[in-house]
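For reference, the structure is listed below as C-alpha cells.
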Amino acid sequence: MKRKLSNKEKLLVFIREFHCGSDNPVSNKELQRIFRLKEDEVRNCIRKLRKSGEPICYNESGYFYARNTEDILKTVLSLRKMINGIEESETALLSSLLS
C-alpha cells in the first residue's frame with residue numbers, strides 16, 4: 001500500500017518540479033489554493049523544508065526552488081534584512097521601557 005504524501009512533501013515536489021529558478025516563482029496564495037492550506041501552514045512547511053536542506057528560495061513574487069548559488073544568496077540577504085529589522089524593532093521596544 002502506498003504511503004500518502006504529507007503537505008510538506010507535496011509542496012516540495014510541486015515547487016521543485018514546476019517552480020525552479022527565480023524567474024518562475026509561485027505565490028503563497030497560489031499554494032494555499034492548490035493545496036488547501038492556510039498561509040501560516042505554507043510558511044511552516046517551507047521553513048521545515050529549508051531546515052531539512054531543501055533550497056527553497058523566495059522573492060517578491062513567491063517561492064521557488066533554487067537553480068543556482070545566486071538564488072540562494074539573494075534569499076539569504078533578504079532574510080538577513082528581515083532579521084535586522086526585527087532586531088531594530090526589539091531594541092526600540094526595550095528602550096521604551098527605560099524612558
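Starting from 1 in every chain, residues are counted up; chains themselves are A, B, ... following the order of the C-alpha cells, and ligands are numbered from 1 as listed.
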I'd like a table as CSV: residues in range 46-94 of chain A with an atom no more than 8 Å from range 5-17 of chain A, each row giving the shortest atom pair and its distance in Å to one decimal, only C-alpha atoms counted, sorted by chain and rising residue number.
residue,atom,partner,partner_atom,distance
A:Ile46,CA,A:Lys8,CA,7.4
A:Lys48,CA,A:Lys8,CA,7.8
A:Leu49,CA,A:Lys8,CA,7.1
A:Tyr63,CA,A:Ile15,CA,7.6
A:Phe64,CA,A:Ile15,CA,6.0
A:Tyr65,CA,A:Arg16,CA,5.4
Taking C-alpha atoms for each residue, export the selection above as a PDB file, in the first residue's frame.
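part17.pdb was written with the following content:
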ATOM      1  CA  ILE A  46       8.623  25.927   3.705  1.00  0.00           C
ATOM      2  CA  LYS A  48      10.692  22.812   7.685  1.00  0.00           C
ATOM      3  CA  LEU A  49      11.826  22.029   4.144  1.00  0.00           C
ATOM      4  CA  TYR A  63       8.638  30.757  -3.592  1.00  0.00           C
ATOM      5  CA  PHE A  64      10.871  28.824  -5.977  1.00  0.00           C
ATOM      6  CA  TYR A  65      13.422  26.035  -5.938  1.00  0.00           C
TER       7      TYR A  65
END
Spatial neighbours of Asn68 in chain A, max dist 10 Å, only C-alpha atoms, sep filter under 4 positions, as a CSV table (one decimal) with N, CA, C and O atoms, in the first residue's frame:
chain,number,residue,atom,x,y,z
A,20,CYS,N,11.1,26.1,-10.6
A,20,CYS,CA,12.6,26.1,-10.4
A,20,CYS,C,13.1,27.5,-11.0
A,20,CYS,O,12.8,27.9,-12.1
A,21,GLY,N,13.9,28.1,-10.1
A,21,GLY,CA,14.5,29.4,-10.6
A,21,GLY,C,13.7,30.6,-10.2
A,21,GLY,O,12.5,30.6,-10.1
A,22,SER,N,14.4,31.7,-10.0
A,22,SER,CA,13.8,33.0,-9.6
A,22,SER,C,12.9,33.6,-10.6
A,22,SER,O,12.0,34.4,-10.3
A,55,PRO,N,16.7,23.8,-0.9
A,55,PRO,CA,17.0,25.2,-1.2
A,55,PRO,C,15.8,25.9,-1.8
A,55,PRO,O,15.7,26.2,-3.0
A,72,ILE,N,20.1,31.4,-4.0
A,72,ILE,CA,20.2,31.2,-2.5
A,72,ILE,C,20.7,32.4,-1.8
A,72,ILE,O,20.2,32.9,-0.8
A,73,LEU,N,21.8,33.0,-2.4
A,73,LEU,CA,22.4,34.2,-1.7
A,73,LEU,C,21.4,35.4,-1.7
A,73,LEU,O,21.4,36.1,-0.7
Could you tell me how far CA of Ala66 in chain A lies from CA of Asn28 in chain A, in Å and to one decimal?
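Going from CA of Ala66 in chain A over to CA of Asn28 in chain A covers 16.5 Å.
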So that I can see what lies close to range 74-91 of chain A, please list as a PyMOL selection string the residues with an atom at most 8 Å from it, counting only C-alpha atoms and leaving out residues fewer than 3 positions away in the same chain.
chain A and resi 57-59+70-71+94-95
DSSP on the backbone, then: every residue of range 47-98 of chain A marked helix (DSSP H, G or I), written as a VMD selection string.
chain A and resid 47 to 51 69 to 98
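You will find CA of Val42 in chain A at 24.1 Å from CA of Lys2 in chain A.
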Every residue of chain A that DSSP places in strand (DSSP E or B), as a list of chain:residue names:
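Matching residues, listed in order: A:Cys20, A:Val26, A:Ile56, A:Cys57, A:Tyr58, A:Asn59, A:Gly62, A:Tyr63, A:Phe64, A:Tyr65.
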Could you save those same residues with N, CA and C atoms as an mmCIF file, in the first residue's frame?
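File written: result_22.cif
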data_model
loop_
_atom_site.group_PDB
_atom_site.id
_atom_site.type_symbol
_atom_site.label_atom_id
_atom_site.label_comp_id
_atom_site.auth_asym_id
_atom_site.auth_seq_id
_atom_site.Cartn_x
_atom_site.Cartn_y
_atom_site.Cartn_z
ATOM 1 N N CYS A 20 11.098 26.136 -10.585
ATOM 2 C CA CYS A 20 12.550 26.149 -10.411
ATOM 3 C C CYS A 20 13.106 27.467 -10.960
ATOM 4 N N VAL A 26 6.117 30.806 -7.337
ATOM 5 C CA VAL A 26 4.700 30.564 -7.071
ATOM 6 C C VAL A 26 4.353 31.288 -5.772
ATOM 7 N N ILE A 56 14.770 26.103 -0.935
ATOM 8 C CA ILE A 56 13.578 26.813 -1.380
ATOM 9 C C ILE A 56 13.780 28.286 -1.078
ATOM 10 N N CYS A 57 13.733 29.063 -2.123
ATOM 11 C CA CYS A 57 14.014 30.490 -2.026
ATOM 12 C C CYS A 57 12.732 31.293 -2.180
ATOM 13 N N TYR A 58 12.872 32.604 -2.052
ATOM 14 C CA TYR A 58 11.728 33.499 -2.102
ATOM 15 C C TYR A 58 12.155 34.825 -2.715
ATOM 16 N N ASN A 59 11.270 35.386 -3.522
ATOM 17 C CA ASN A 59 11.446 36.772 -3.957
ATOM 18 C C ASN A 59 10.095 37.468 -3.818
ATOM 19 N N GLY A 62 7.130 35.257 -4.931
ATOM 20 C CA GLY A 62 6.784 33.981 -4.325
ATOM 21 C C GLY A 62 7.966 33.057 -4.095
ATOM 22 N N TYR A 63 7.645 31.786 -3.882
ATOM 23 C CA TYR A 63 8.638 30.757 -3.592
ATOM 24 C C TYR A 63 9.096 30.067 -4.869
ATOM 25 N N PHE A 64 10.342 29.587 -4.853
ATOM 26 C CA PHE A 64 10.871 28.824 -5.977
ATOM 27 C C PHE A 64 12.028 27.960 -5.495
ATOM 28 N N TYR A 65 12.307 26.924 -6.247
ATOM 29 C CA TYR A 65 13.422 26.035 -5.938
ATOM 30 C C TYR A 65 14.678 26.649 -6.544
#
My list of candidates is A:Ser61, A:Thr69, A:Ser96, A:Cys45. Which is closest to His19 in chain A when distances are computed with only C-alpha atoms?
A:Ser61
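Across the structure, CA of Arg67 in chain A and CA of Leu37 in chain A are spaced 25.8 Å apart.
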